[in-house]
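Student: Sharing run-v3.tsv, TSV, C-alpha atoms:
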chain	number	residue	atom	x	y	z
A	23	MET	CA	130.16	122.53	39.02
A	24	GLY	CA	126.65	122.36	37.88
A	25	ASP	CA	124.97	122.39	34.58
A	26	GLU	CA	126.56	119.55	32.69
A	27	GLN	CA	125.74	116.97	35.35
A	28	GLU	CA	122.29	115.57	35.27
A	29	SER	CA	120.63	115.06	38.56
A	30	GLU	CA	117.15	113.91	39.21
A	31	PRO	CA	115.24	112.07	41.87
A	32	VAL	CA	115.28	108.29	41.60
A	33	ILE	CA	112.48	106.77	39.61
A	34	GLY	CA	109.43	106.19	41.72
A	35	THR	CA	109.68	109.44	43.62
A	36	GLY	CA	107.02	110.85	45.83
A	37	ASN	CA	105.28	108.49	48.15
A	38	GLN	CA	107.59	105.59	47.65
A	39	ASP	CA	110.61	107.69	48.59
A	40	GLU	CA	108.88	108.84	51.66
A	41	LEU	CA	108.10	105.28	52.68
A	42	ILE	CA	111.69	104.21	52.18
A	43	MET	CA	112.96	107.13	54.20
A	44	GLN	CA	110.40	106.60	56.93
A	45	GLN	CA	111.51	103.02	57.21
A	46	GLN	CA	115.14	104.10	57.28
A	47	ARG	CA	114.44	106.56	60.06
A	48	GLN	CA	112.55	103.89	61.97
A	49	ILE	CA	115.54	101.53	61.73
A	50	GLU	CA	117.86	104.30	62.83
A	51	ARG	CA	115.66	105.07	65.81
A	52	GLU	CA	115.56	101.43	66.82
A	53	ILE	CA	119.34	101.21	66.68
A	54	SER	CA	119.67	104.37	68.71
A	55	GLU	CA	117.30	103.22	71.35
A	56	SER	CA	118.87	99.81	71.78
A	57	THR	CA	122.54	100.80	72.04
A	58	ALA	CA	124.11	103.46	74.24
A	59	LEU	CA	126.44	105.90	72.44
A	60	VAL	CA	129.19	104.30	74.52
A	61	GLY	CA	128.30	101.25	76.58
A	62	GLU	CA	129.56	99.75	79.83
A	63	LEU	CA	132.54	97.38	80.09
A	64	GLU	CA	131.51	93.81	79.25
A	65	PRO	CA	133.47	90.58	79.24
A	66	ILE	CA	134.59	89.41	75.79
A	67	VAL	CA	132.40	86.31	76.03
A	68	SER	CA	129.34	88.55	76.02
A	69	LEU	CA	129.84	88.51	72.25
A	70	ASN	CA	128.88	84.82	72.19
A	71	SER	CA	125.20	85.61	72.49
A	72	GLU	CA	125.25	87.37	69.12
A	73	TYR	CA	126.61	84.27	67.37
A	74	SER	CA	125.09	81.38	69.25
A	75	ASN	CA	125.08	78.95	66.29
A	76	ASP	CA	127.99	80.33	64.38
A	77	ASN	CA	131.13	78.29	64.88
A	78	VAL	CA	133.36	80.50	62.81
A	79	TYR	CA	132.63	83.46	65.04
A	80	LEU	CA	132.60	81.47	68.28
A	81	GLU	CA	136.10	80.24	67.48
A	82	LYS	CA	137.23	83.79	66.84
A	83	ILE	CA	135.69	85.08	70.03
A	84	LYS	CA	137.69	82.44	71.87
A	85	ASP	CA	140.82	83.73	70.19
A	86	LEU	CA	139.87	87.29	71.08
A	87	SER	CA	139.31	86.40	74.72
A	88	SER	CA	142.80	84.90	74.94
A	89	LYS	CA	144.19	88.42	74.37
A	90	TYR	CA	141.53	90.80	75.62
A	91	LYS	CA	139.50	90.94	78.83
A	92	HIS	CA	136.77	93.41	78.00
A	93	ILE	CA	134.82	95.05	75.26
A	94	ARG	CA	132.93	98.33	75.31
A	95	ARG	CA	130.29	98.62	72.63
A	96	THR	CA	129.51	101.81	70.77
A	97	ARG	CA	126.38	102.81	68.90
A	98	PRO	CA	126.50	101.62	65.28
A	99	ASP	CA	125.54	104.95	63.76
A	100	GLY	CA	128.41	105.45	61.31
A	101	ASN	CA	130.30	107.54	63.85
A	102	CYS	CA	131.51	104.55	65.83
A	103	PHE	CA	135.17	104.73	64.87
A	104	PHE	CA	135.47	108.39	65.76
A	105	ARG	CA	133.51	108.00	68.98
A	106	ALA	CA	135.29	104.84	70.09
A	107	PHE	CA	138.73	106.17	69.27
A	108	THR	CA	138.30	109.49	71.08
A	109	TYR	CA	136.72	107.86	74.10
A	110	ALA	CA	139.33	105.12	74.44
A	111	MET	CA	142.18	107.54	74.01
A	112	ILE	CA	140.99	110.01	76.63
A	113	GLU	CA	140.03	107.23	79.01
A	114	GLN	CA	143.48	105.81	78.83
A	115	MET	CA	145.15	109.19	79.34
A	116	LEU	CA	143.23	109.68	82.56
A	117	GLU	CA	145.76	107.27	84.06
A	118	ASN	CA	148.64	109.47	82.99
A	119	SER	CA	148.27	113.18	83.65
A	120	ASN	CA	151.37	114.12	81.62
A	121	GLU	CA	149.96	112.52	78.52
A	122	LEU	CA	146.65	114.25	79.06
A	123	GLU	CA	148.34	117.65	79.46
A	124	GLN	CA	150.28	117.07	76.25
A	125	PHE	CA	147.12	116.06	74.48
A	126	ILE	CA	145.34	119.20	75.66
A	127	LYS	CA	148.21	121.25	74.21
A	128	LEU	CA	147.95	119.38	70.92
A	129	ILE	CA	144.23	120.11	70.72
A	130	GLU	CA	144.85	123.75	71.65
A	131	CYS	CA	147.14	124.13	68.65
A	132	SER	CA	144.90	122.15	66.35
A	133	LYS	CA	142.31	124.87	65.92
A	134	MET	CA	144.77	127.26	64.31
A	135	GLY	CA	145.72	124.52	61.88
A	136	LEU	CA	142.10	124.13	60.78
A	137	LEU	CA	141.62	127.88	60.38
A	138	ARG	CA	144.77	128.07	58.26
A	139	LEU	CA	143.24	125.46	55.95
A	140	GLY	CA	140.27	127.73	55.46
A	141	PHE	CA	137.73	126.20	57.86
A	142	PRO	CA	135.55	129.12	59.01
A	143	GLU	CA	136.07	130.06	62.63
A	144	PHE	CA	132.40	130.17	63.57
A	145	THR	CA	131.85	126.58	62.53
A	146	VAL	CA	135.07	125.24	64.08
A	147	ASP	CA	134.68	127.12	67.36
A	148	ASP	CA	131.70	125.31	68.84
A	149	PHE	CA	133.23	121.91	68.26
A	150	TYR	CA	136.68	122.93	69.46
A	151	GLU	CA	135.30	124.52	72.60
A	152	THR	CA	133.22	121.48	73.51
A	153	PHE	CA	136.17	119.16	72.91
A	154	MET	CA	138.37	121.31	75.20
A	155	ASP	CA	135.61	121.61	77.74
A	156	VAL	CA	135.34	117.83	78.04
A	157	LEU	CA	139.11	117.41	78.31
A	158	LYS	CA	139.38	120.02	81.04
A	159	ARG	CA	136.40	118.73	82.96
A	160	VAL	CA	137.83	115.23	83.21
A	161	ARG	CA	141.34	116.53	83.89
A	162	ASP	CA	140.14	118.55	86.85
A	163	ILE	CA	138.72	115.50	88.61
A	164	LYS	CA	141.51	114.15	90.80
A	165	ASN	CA	140.15	110.67	91.40
A	166	VAL	CA	140.74	108.59	88.27
A	167	ASN	CA	137.61	106.50	88.70
A	168	ASP	CA	135.44	109.56	89.15
A	169	ALA	CA	137.04	111.11	86.07
A	170	LYS	CA	136.25	107.98	84.07
A	171	LYS	CA	132.66	108.11	85.23
A	172	GLU	CA	132.38	111.73	84.14
A	173	LEU	CA	133.89	110.87	80.75
A	174	HIS	CA	131.34	108.11	80.34
A	175	THR	CA	128.48	110.42	81.26
A	176	LEU	CA	129.62	113.15	78.86
A	177	PHE	CA	130.10	110.71	75.99
A	178	ASN	CA	126.56	109.49	76.43
A	179	GLU	CA	125.11	112.96	76.15
A	180	GLN	CA	124.52	113.64	72.50
A	181	GLY	CA	125.21	117.34	72.99
A	182	TYR	CA	128.80	116.56	74.00
A	183	SER	CA	129.40	113.27	72.27
A	184	ASP	CA	128.47	114.38	68.76
A	185	TYR	CA	130.47	117.58	69.13
A	186	MET	CA	133.53	115.48	70.00
A	187	VAL	CA	132.89	113.35	66.93
A	188	VAL	CA	132.63	116.37	64.65
A	189	TYR	CA	135.83	117.88	65.96
A	190	LEU	CA	137.78	114.68	65.34
A	191	ARG	CA	136.21	114.46	61.89
A	192	LEU	CA	137.46	117.98	61.20
A	193	LEU	CA	140.95	117.21	62.50
A	194	THR	CA	141.03	114.09	60.33
A	195	SER	CA	139.91	116.08	57.31
A	196	GLY	CA	142.51	118.74	58.10
A	197	HIS	CA	145.26	116.16	58.26
A	198	LEU	CA	144.19	114.54	54.97
A	199	GLN	CA	144.17	117.92	53.27
A	200	ARG	CA	147.54	118.96	54.64
A	201	ASP	CA	149.08	115.73	53.43
A	202	GLN	CA	147.04	115.34	50.26
A	203	GLU	CA	149.86	114.26	48.06
A	204	PHE	CA	150.38	111.14	50.16
A	205	TYR	CA	146.71	110.31	50.71
A	206	SER	CA	145.59	110.89	47.14
A	207	CYS	CA	146.89	107.43	46.18
A	208	PHE	CA	144.40	105.79	48.56
A	209	ILE	CA	141.34	107.47	47.10
A	210	GLU	CA	139.47	105.70	44.36
A	211	GLY	CA	137.12	107.01	41.76
A	212	GLY	CA	139.07	110.03	40.61
A	213	ARG	CA	138.02	112.16	43.55
A	214	THR	CA	140.37	114.74	44.97
A	215	VAL	CA	141.36	114.53	48.63
A	216	VAL	CA	139.32	117.67	49.30
A	217	ASP	CA	136.20	116.17	47.66
A	218	PHE	CA	136.73	112.99	49.64
A	219	CYS	CA	136.93	114.98	52.88
A	220	HIS	CA	133.75	116.88	52.10
A	221	GLN	CA	131.83	113.73	51.18
A	222	GLU	CA	133.24	110.99	53.40
A	223	VAL	CA	134.99	112.54	56.38
A	224	GLU	CA	133.27	115.75	57.49
A	225	PRO	CA	129.61	114.64	57.25
A	226	MET	CA	128.26	112.87	60.33
A	227	TYR	CA	127.29	109.18	60.11
A	228	LYS	CA	129.66	108.40	57.23
A	229	GLU	CA	131.57	105.24	58.03
A	230	SER	CA	135.30	105.09	58.49
A	231	ASP	CA	137.82	103.21	56.45
A	232	HIS	CA	141.53	102.61	56.73
A	233	ILE	CA	142.27	106.05	55.38
A	234	HIS	CA	140.16	107.78	58.05
A	235	ILE	CA	141.92	105.80	60.76
A	236	MET	CA	145.38	106.54	59.42
A	237	ALA	CA	144.66	110.24	59.25
A	238	ALA	CA	142.92	110.38	62.64
A	239	CYS	CA	145.91	108.65	64.26
A	240	ALA	CA	148.32	111.01	62.58
A	241	ALA	CA	146.27	114.04	63.62
A	242	LEU	CA	146.22	112.93	67.26
A	243	GLU	CA	149.80	111.60	67.13
A	244	THR	CA	148.92	108.16	68.37
A	245	GLY	CA	148.57	104.60	67.18
A	246	VAL	CA	145.69	102.17	67.16
A	247	ARG	CA	145.46	98.39	66.81
A	248	VAL	CA	142.44	97.20	64.89
A	249	VAL	CA	141.48	93.57	65.41
A	250	TYR	CA	139.44	92.32	62.45
A	251	MET	CA	136.85	89.70	63.19
A	252	ASP	CA	134.89	88.36	60.23
A	253	ARG	CA	133.80	85.14	58.55
A	254	GLY	CA	137.23	84.61	57.00
A	255	SER	CA	138.64	81.12	57.24
A	256	SER	CA	141.60	81.73	59.59
A	257	LYS	CA	141.08	80.62	63.20
A	258	SER	CA	142.56	83.73	64.72
A	259	ASN	CA	141.66	87.33	64.17
A	260	ILE	CA	143.82	89.53	62.01
A	261	GLU	CA	145.47	92.50	63.70
A	262	HIS	CA	146.53	95.73	62.08
A	263	ASP	CA	148.59	98.44	63.73
A	264	LEU	CA	148.05	101.89	62.34
A	265	PRO	CA	150.26	103.63	61.55
A	266	GLU	CA	152.41	100.59	60.95
A	267	GLY	CA	155.13	100.05	63.54
A	268	THR	CA	153.60	102.44	66.10
A	269	ALA	CA	152.87	101.06	69.56
A	270	PRO	CA	149.08	101.17	69.82
A	271	SER	CA	147.50	103.17	72.62
A	272	VAL	CA	143.97	102.17	71.67
A	273	HIS	CA	142.62	98.76	70.67
A	274	LEU	CA	139.49	98.48	68.56
A	275	LEU	CA	137.49	95.50	67.43
A	276	TYR	CA	136.26	95.71	63.85
A	277	ARG	CA	133.38	93.62	62.65
A	278	PRO	CA	132.14	94.41	59.14
A	279	GLY	CA	130.70	97.90	59.34
A	280	HIS	CA	131.37	98.53	63.02
A	281	TYR	CA	134.01	99.38	65.64
A	282	ASP	CA	133.95	98.69	69.41
A	283	ILE	CA	136.63	99.30	72.04
A	284	LEU	CA	138.79	96.45	73.38
A	285	TYR	CA	140.65	96.25	76.71
A	286	LEU	CA	143.73	94.17	77.45
B	24	MET	CA	122.83	135.46	74.38
B	25	ALA	CA	121.02	133.89	77.28
B	26	GLY	CA	117.93	131.88	76.50
B	27	LEU	CA	119.06	130.80	73.05
B	28	SER	CA	119.31	127.11	72.21
B	29	PRO	CA	122.65	125.79	70.86
B	30	SER	CA	121.17	125.85	67.34
B	31	GLU	CA	120.10	129.44	67.74
B	32	ARG	CA	123.45	130.48	69.18
B	33	ARG	CA	125.19	128.95	66.20
B	34	LEU	CA	122.72	130.62	63.78
B	35	GLN	CA	123.26	133.96	65.50
B	36	LYS	CA	127.00	133.63	64.85
B	37	GLU	CA	126.36	132.66	61.25
B	38	LEU	CA	124.08	135.62	60.75
B	39	MET	CA	126.69	138.03	62.06
B	40	SER	CA	129.30	136.54	59.78
B	41	LEU	CA	126.98	136.61	56.76
B	42	VAL	CA	126.16	140.26	57.35
B	43	LYS	CA	129.86	141.08	57.73
B	44	GLU	CA	131.17	139.10	54.76
B	45	PRO	CA	128.33	138.16	52.43
B	46	PRO	CA	129.12	136.12	49.30
B	47	PRO	CA	128.84	138.33	46.18
B	48	GLY	CA	125.22	139.18	45.34
B	49	VAL	CA	123.87	137.86	48.65
B	50	THR	CA	121.99	140.09	51.09
B	51	VAL	CA	119.97	139.43	54.23
B	52	ASP	CA	117.71	141.53	56.37
B	53	SER	CA	119.19	140.68	59.76
B	54	ASP	CA	116.51	142.51	61.73
B	55	VAL	CA	113.81	140.27	60.31
B	56	ILE	CA	115.87	137.10	60.85
B	57	GLU	CA	116.73	137.94	64.44
B	58	ARG	CA	113.04	137.75	65.26
B	59	ASN	CA	113.02	134.10	64.19
B	60	LEU	CA	116.45	132.56	63.83
B	61	LEU	CA	115.02	129.24	62.61
B	62	GLN	CA	113.78	130.64	59.30
B	63	TRP	CA	115.75	132.93	57.02
B	64	LEU	CA	115.02	134.68	53.76
B	65	ILE	CA	118.06	135.47	51.68
B	66	ASN	CA	118.19	137.62	48.56
B	67	MET	CA	120.45	136.50	45.79
B	68	ASP	CA	121.31	138.47	42.62
B	69	GLY	CA	122.20	136.66	39.41
B	70	ALA	CA	125.94	137.28	38.91
B	71	SER	CA	126.96	139.57	36.10
B	72	GLY	CA	128.35	137.81	33.07
B	73	THR	CA	126.12	134.76	33.70
B	74	LEU	CA	122.75	133.68	32.27
B	75	TYR	CA	121.07	135.08	35.38
B	76	GLU	CA	122.49	138.60	35.20
B	77	GLY	CA	119.88	141.16	36.24
B	78	GLU	CA	117.60	138.61	37.92
B	79	ASN	CA	116.84	138.47	41.63
B	80	PHE	CA	115.99	135.38	43.61
B	81	GLN	CA	114.89	134.60	47.13
B	82	LEU	CA	116.10	131.60	49.09
B	83	GLN	CA	114.34	130.27	52.14
B	84	PHE	CA	116.34	128.43	54.82
B	85	LYS	CA	114.51	126.48	57.52
B	86	PHE	CA	116.47	125.05	60.44
B	87	SER	CA	115.50	122.40	62.97
B	88	ASN	CA	116.64	122.44	66.58
B	89	LYS	CA	119.19	119.81	65.57
B	90	TYR	CA	121.05	122.26	63.35
B	91	PRO	CA	123.99	122.06	62.52
B	92	PHE	CA	123.74	118.27	62.80
B	93	ASP	CA	120.68	118.30	60.57
B	94	SER	CA	121.01	120.10	57.28
B	95	PRO	CA	118.87	123.17	56.64
B	96	GLU	CA	115.87	122.87	54.33
B	97	VAL	CA	116.69	125.22	51.45
B	98	THR	CA	114.33	126.20	48.64
B	99	PHE	CA	113.90	129.03	46.19
B	100	VAL	CA	110.72	130.98	46.98
B	101	GLY	CA	108.93	134.04	45.64
B	102	PRO	CA	107.95	135.13	42.15
B	103	ASN	CA	111.22	134.25	40.38
B	104	ILE	CA	112.50	130.66	40.61
B	105	PRO	CA	115.69	130.34	38.53
B	106	VAL	CA	115.32	128.20	35.43
B	107	HIS	CA	118.18	125.74	35.92
B	108	PRO	CA	118.68	121.99	35.31
B	109	HIS	CA	118.99	121.41	39.08
B	110	VAL	CA	116.16	123.65	40.22
B	111	TYR	CA	112.56	122.43	40.05
B	112	SER	CA	109.81	124.91	39.30
B	113	ASN	CA	108.51	124.54	42.87
B	114	GLY	CA	111.84	125.86	44.17
B	115	HIS	CA	113.39	122.54	45.22
B	116	ILE	CA	117.13	122.31	44.56
B	117	CYS	CA	119.08	119.15	43.79
B	118	LEU	CA	122.38	119.77	45.57
B	119	SER	CA	124.19	117.04	47.47
B	120	ILE	CA	125.42	119.23	50.34
B	121	LEU	CA	121.78	119.85	51.27
B	122	THR	CA	121.27	116.18	52.12
B	123	ASP	CA	123.85	113.39	51.78
B	124	ASP	CA	126.97	115.50	51.94
B	125	TRP	CA	125.82	117.97	54.57
B	126	SER	CA	128.34	118.41	57.38
B	127	PRO	CA	128.08	120.40	60.60
B	128	ALA	CA	131.18	122.25	59.44
B	129	LEU	CA	129.20	123.76	56.56
B	130	SER	CA	127.13	126.89	57.00
B	131	VAL	CA	124.51	129.14	55.43
B	132	GLN	CA	127.37	130.98	53.80
B	133	ALA	CA	128.82	127.79	52.31
B	134	VAL	CA	125.39	126.80	50.96
B	135	CYS	CA	124.90	130.24	49.39
B	136	LEU	CA	128.31	130.04	47.76
B	137	SER	CA	127.49	126.61	46.31
B	138	ILE	CA	124.20	127.87	44.91
B	139	VAL	CA	125.78	131.00	43.42
B	140	SER	CA	128.38	128.81	41.76
B	141	MET	CA	125.78	126.31	40.58
B	142	LEU	CA	123.85	129.12	38.88
B	143	SER	CA	126.95	130.82	37.51
B	144	SER	CA	128.24	127.74	35.74
B	145	CYS	CA	124.94	127.12	33.92
B	146	LYS	CA	125.20	127.13	30.14
B	147	GLU	CA	121.59	126.62	29.20
B	148	LYS	CA	118.51	127.72	31.07
B	149	LYS	CA	116.19	124.76	31.34
B	150	ARG	CA	114.22	122.85	33.94
B	151	PRO	CA	115.21	119.34	35.07
B	152	PRO	CA	113.90	116.75	32.57
B	153	ASP	CA	111.46	115.24	35.10
B	154	ASN	CA	110.22	118.57	36.41
B	155	ALA	CA	106.51	118.06	35.72
B	156	PHE	CA	106.38	114.63	37.35
B	157	TYR	CA	108.49	115.59	40.35
B	158	VAL	CA	106.59	118.77	41.15
B	159	LYS	CA	103.33	116.86	41.09
B	160	THR	CA	104.44	113.99	43.33
B	161	CYS	CA	107.07	115.33	45.71
B	162	ASN	CA	106.77	116.14	49.39
B	163	LYS	CA	106.73	119.81	50.39
B	164	ASN	CA	110.02	119.30	52.16
B	165	PRO	CA	112.85	118.65	49.65
B	166	LYS	CA	114.83	116.81	52.33
B	167	LYS	CA	112.22	114.06	52.06
B	168	THR	CA	113.13	113.37	48.46
B	169	LYS	CA	115.59	110.55	47.96
B	170	TRP	CA	117.87	112.45	45.58
B	171	TRP	CA	120.02	110.64	43.13
B	172	TYR	CA	123.19	112.59	42.44
B	173	HIS	CA	124.72	111.67	39.12
B	174	ASP	CA	127.84	113.50	40.09
B	175	ASP	CA	129.01	113.87	43.66
B	176	SER	CA	131.04	116.97	42.94
B	177	VAL	CA	127.99	119.13	42.37
Could I get this file's structure written as C-alpha cells?
Tutor:
Amino acid sequence: MGDEQESEPVIGTGNQDELIMQQQRQIEREISESTALVGELEPIVSLNSEYSNDNVYLEKIKDLSSKYKHIRRTRPDGNCFFRAFTYAMIEQMLENSNELEQFIKLIECSKMGLLRLGFPEFTVDDFYETFMDVLKRVRDIKNVNDAKKELHTLFNEQGYSDYMVVYLRLLTSGHLQRDQEFYSCFIEGGRTVVDFCHQEVEPMYKESDHIHIMAACAALETGVRVVYMDRGSSKSNIEHDLPEGTAPSVHLLYRPGHYDILYL
Amino acid sequence: MAGLSPSERRLQKELMSLVKEPPPGVTVDSDVIERNLLQWLINMDGASGTLYEGENFQLQFKFSNKYPFDSPEVTFVGPNIPVHPHVYSNGHICLSILTDDWSPALSVQAVCLSIVSMLSSCKEKKRPPDNAFYVKTCNKNPKKTKWWYHDDSV
C-alpha cells in the first residue's frame, strides 16, 4: 500500500469541488425527502405516471401487471437492494412463524461467522443487536397485520433501517469472503474478493449488482426473483431467479440503478 | 452509559478497545477523550525500520453525530506533519477509506492501522506533487475535497 501510487485531488480543486459536492448533497437531500425509505403498497399501474409518453415502458408495465398486483417503492439511495430484500423477506415470514424462528436462529449464528472472519466485535455488535431487536419485536406481535405495521414503522426509522442494511451488507461480505474462490471469477479489474468487499459491499450507498444479490441470498439461505424492466426491445420483462433453480421467496423489480419490491 | 447518543456509545466502545489493543506505535489519552468523545487526539510513532523511525505525529479525529455512518474527519495536526506523497503539508491525508470507501464496519483502529501501513511502506519522503496549490485552495475539512484515487487499494 502507499507510496508508489499517486493520488491527488482532481484538477480544479477548491471552490469548484465544493460546489459540485454541495450540488450532490442537495440532490441527495431532495431524493431523501421525496421518497420514504420503504413506501406503502401501490398498484402496479401507479408506475404509468412515471412513463406517460413512453410506449416501451408502458407495454412492459402492462406485462408486469399481468403477473404482479402491487409494488412497494424504496428510497433510491444505493442501499435499495439491501433494504428491499430484508424488508420483503421479513414481511413474508411474518405469515409463517416457523420460518421466522428459523431465520432468527440463522441470524443468531451469523455473528460468530463474521467474528471468525476477523470483523471486530465492537463494530459488528451494534448492527447485529439492532437486526435481532427488530426481528424479535415483530415476532412478539401476535396479530400479523400489526406486526407488518411495526415492521414498516421500524424500516422507516433511519436508526433501525440503516442498521439493518449494514448488517446485511456485512453478512454479504462475509459470505463472499468465505467463498472467495468461487466469487473471484465474477470480479473484474484484478481486485481481490476482499478488496471488492471493502470497496463495493461494506460501504453504505454503494449499489448492488448480481454478485451482491447472489451472496446475500446465499447468506440468508433464500432465493429472489429479479424482474428486469428496461428499454430493451422485448415486450415482456426478463426474469432472473437467484440462485438459479431456487424457488424465490422475494420478488424485486429492477429498473436501471434501482430495486423496488413486487407482490404477486 | 445513559445519556450518550448512539454515536457516542459506539465511540466509547471503540475507545475502550483502542486502549486495550492499540495498533503498534499508537497511544491515546483516554481521560482527555472521554471529556469529548466527538474529537480525539491520537499519538502515532514512526515505526522502526521505516523512513519515519524516531518521529512522532499527532492525528486528529472529528466525528459527527452520524458516526459510524459518516466517516470521521482525520488530519495530521501539531508541529510534525509527516512528509509523505499522500499527506499534504496542512495535514490532509489522501486515503480512500476516509471518504469513498468508508464503511460503518470500519473503526478508529482500522483507520490508524491503514495510516501506519501507509507511512511504513513509503520509500521516499516527499510531498504530493500538487501540495502548494492544494493547500492554498482547499477547504479546511478534507472530506470536502473531491479526492481522486489513482489506486483503490490504498
Student: Could you list, as an MDAnalysis selection string, every residue within 6 Å of stretch 190-197 of chain A, counting all atoms listed in the file and ignoring same-chain residues fewer than 6 positions away?
Tutor: chainID A and resid 219 223:224 237:238 241
Student: Have a look at B:Pro95, B:Val139, B:Lys149, B:Ser126 and name the one nearest to chain A; count only C-alpha atoms.
Tutor: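 For chain A, the nearest of the given residues is B:Ser126.
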Student: Could you please select, counting all atoms listed in the file, the residues of chain B within 9 Å of chain A and state them as JSON, numbers by chain?
Tutor: {"B": [33, 36, 37, 40, 92, 107, 108, 109, 117, 118, 120, 123, 124, 125, 126, 127, 128, 129, 130, 137, 140, 141, 142, 143, 144, 145, 146, 147, 151, 152, 153, 154, 156, 157, 159, 160, 161, 162, 167, 168, 169, 170, 171, 172, 173, 174, 175, 176, 177]}
Student: Restricting the calculation to all atoms listed in the file, which member of B:Ser112, B:Asn164, B:Gln35, B:Asn88 is positioned closest to B:Ser53?
Tutor: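 For B:Ser53, the nearest of the candidates is B:Gln35.
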Student: Any idea what's packed within 9 Å of B:Ser30, counting only C-alpha atoms, ignoring anything in its chain fewer than 4 positions away? Could you give it as a list in words?
Tutor: Leu34, Gln35, Leu60, Leu61, Phe86, Ser87, Asn88, Lys89, Tyr90 and Pro91 of chain B
Student: Neighbouring residues of stretch 63-72 of chain B were defined as those with any atom within 8 Å, considering all atoms listed in the file; residues of the same chain fewer than 2 positions away were excluded. Please report them as an MDAnalysis selection string.
Tutor: chainID B and resid 47:52 56 59:61 74:85 139 142:143
Student: Save the residues we just selected, C-alpha atoms, as a PDB file, in the frame of the given file?
Tutor:
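Saved as part-v7.pdb:
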ATOM      1  CA  PRO B  47     128.840 138.330  46.180  1.00  0.00           C
ATOM      2  CA  GLY B  48     125.220 139.180  45.340  1.00  0.00           C
ATOM      3  CA  VAL B  49     123.870 137.860  48.650  1.00  0.00           C
ATOM      4  CA  THR B  50     121.990 140.090  51.090  1.00  0.00           C
ATOM      5  CA  VAL B  51     119.970 139.430  54.230  1.00  0.00           C
ATOM      6  CA  ASP B  52     117.710 141.530  56.370  1.00  0.00           C
ATOM      7  CA  ILE B  56     115.870 137.100  60.850  1.00  0.00           C
ATOM      8  CA  ASN B  59     113.020 134.100  64.190  1.00  0.00           C
ATOM      9  CA  LEU B  60     116.450 132.560  63.830  1.00  0.00           C
ATOM     10  CA  LEU B  61     115.020 129.240  62.610  1.00  0.00           C
ATOM     11  CA  LEU B  74     122.750 133.680  32.270  1.00  0.00           C
ATOM     12  CA  TYR B  75     121.070 135.080  35.380  1.00  0.00           C
ATOM     13  CA  GLU B  76     122.490 138.600  35.200  1.00  0.00           C
ATOM     14  CA  GLY B  77     119.880 141.160  36.240  1.00  0.00           C
ATOM     15  CA  GLU B  78     117.600 138.610  37.920  1.00  0.00           C
ATOM     16  CA  ASN B  79     116.840 138.470  41.630  1.00  0.00           C
ATOM     17  CA  PHE B  80     115.990 135.380  43.610  1.00  0.00           C
ATOM     18  CA  GLN B  81     114.890 134.600  47.130  1.00  0.00           C
ATOM     19  CA  LEU B  82     116.100 131.600  49.090  1.00  0.00           C
ATOM     20  CA  GLN B  83     114.340 130.270  52.140  1.00  0.00           C
ATOM     21  CA  PHE B  84     116.340 128.430  54.820  1.00  0.00           C
ATOM     22  CA  LYS B  85     114.510 126.480  57.520  1.00  0.00           C
ATOM     23  CA  VAL B 139     125.780 131.000  43.420  1.00  0.00           C
ATOM     24  CA  LEU B 142     123.850 129.120  38.880  1.00  0.00           C
ATOM     25  CA  SER B 143     126.950 130.820  37.510  1.00  0.00           C
TER      26      SER B 143
END
Student: Please, can stretch 64-75 of chain A be completed to N, CA and C atoms and returned as an mmCIF file, keeping the file's coordinate frame?
Tutor:
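File result15.cif, as written:
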data_model
loop_
_atom_site.group_PDB
_atom_site.id
_atom_site.type_symbol
_atom_site.label_atom_id
_atom_site.label_comp_id
_atom_site.auth_asym_id
_atom_site.auth_seq_id
_atom_site.Cartn_x
_atom_site.Cartn_y
_atom_site.Cartn_z
ATOM 1 N N GLU A 64 132.113 95.155 79.210
ATOM 2 C CA GLU A 64 131.510 93.810 79.250
ATOM 3 C C GLU A 64 132.614 92.800 78.988
ATOM 4 N N PRO A 65 132.474 91.606 79.547
ATOM 5 C CA PRO A 65 133.470 90.580 79.240
ATOM 6 C C PRO A 65 133.398 90.195 77.761
ATOM 7 N N ILE A 66 134.542 89.764 77.213
ATOM 8 C CA ILE A 66 134.590 89.410 75.790
ATOM 9 C C ILE A 66 133.536 88.355 75.439
ATOM 10 N N VAL A 67 133.329 87.408 76.358
ATOM 11 C CA VAL A 67 132.400 86.310 76.030
ATOM 12 C C VAL A 67 130.965 86.795 75.845
ATOM 13 N N SER A 68 130.695 88.032 76.248
ATOM 14 C CA SER A 68 129.340 88.550 76.020
ATOM 15 C C SER A 68 129.025 88.598 74.528
ATOM 16 N N LEU A 69 130.058 88.531 73.697
ATOM 17 C CA LEU A 69 129.840 88.510 72.250
ATOM 18 C C LEU A 69 129.181 87.213 71.798
ATOM 19 N N ASN A 70 129.411 86.142 72.587
ATOM 20 C CA ASN A 70 128.880 84.820 72.190
ATOM 21 C C ASN A 70 127.401 84.856 71.858
ATOM 22 N N SER A 71 126.656 85.628 72.653
ATOM 23 C CA SER A 71 125.200 85.610 72.490
ATOM 24 C C SER A 71 124.767 86.101 71.106
ATOM 25 N N GLU A 72 125.614 86.896 70.456
ATOM 26 C CA GLU A 72 125.250 87.370 69.120
ATOM 27 C C GLU A 72 125.448 86.288 68.056
ATOM 28 N N TYR A 73 126.230 85.256 68.402
ATOM 29 C CA TYR A 73 126.610 84.270 67.370
ATOM 30 C C TYR A 73 126.372 82.852 67.871
ATOM 31 N N SER A 74 125.251 82.628 68.517
ATOM 32 C CA SER A 74 125.090 81.380 69.250
ATOM 33 C C SER A 74 125.296 80.117 68.408
ATOM 34 N N ASN A 75 124.928 80.177 67.096
ATOM 35 C CA ASN A 75 125.080 78.950 66.290
ATOM 36 C C ASN A 75 126.168 79.084 65.229
#
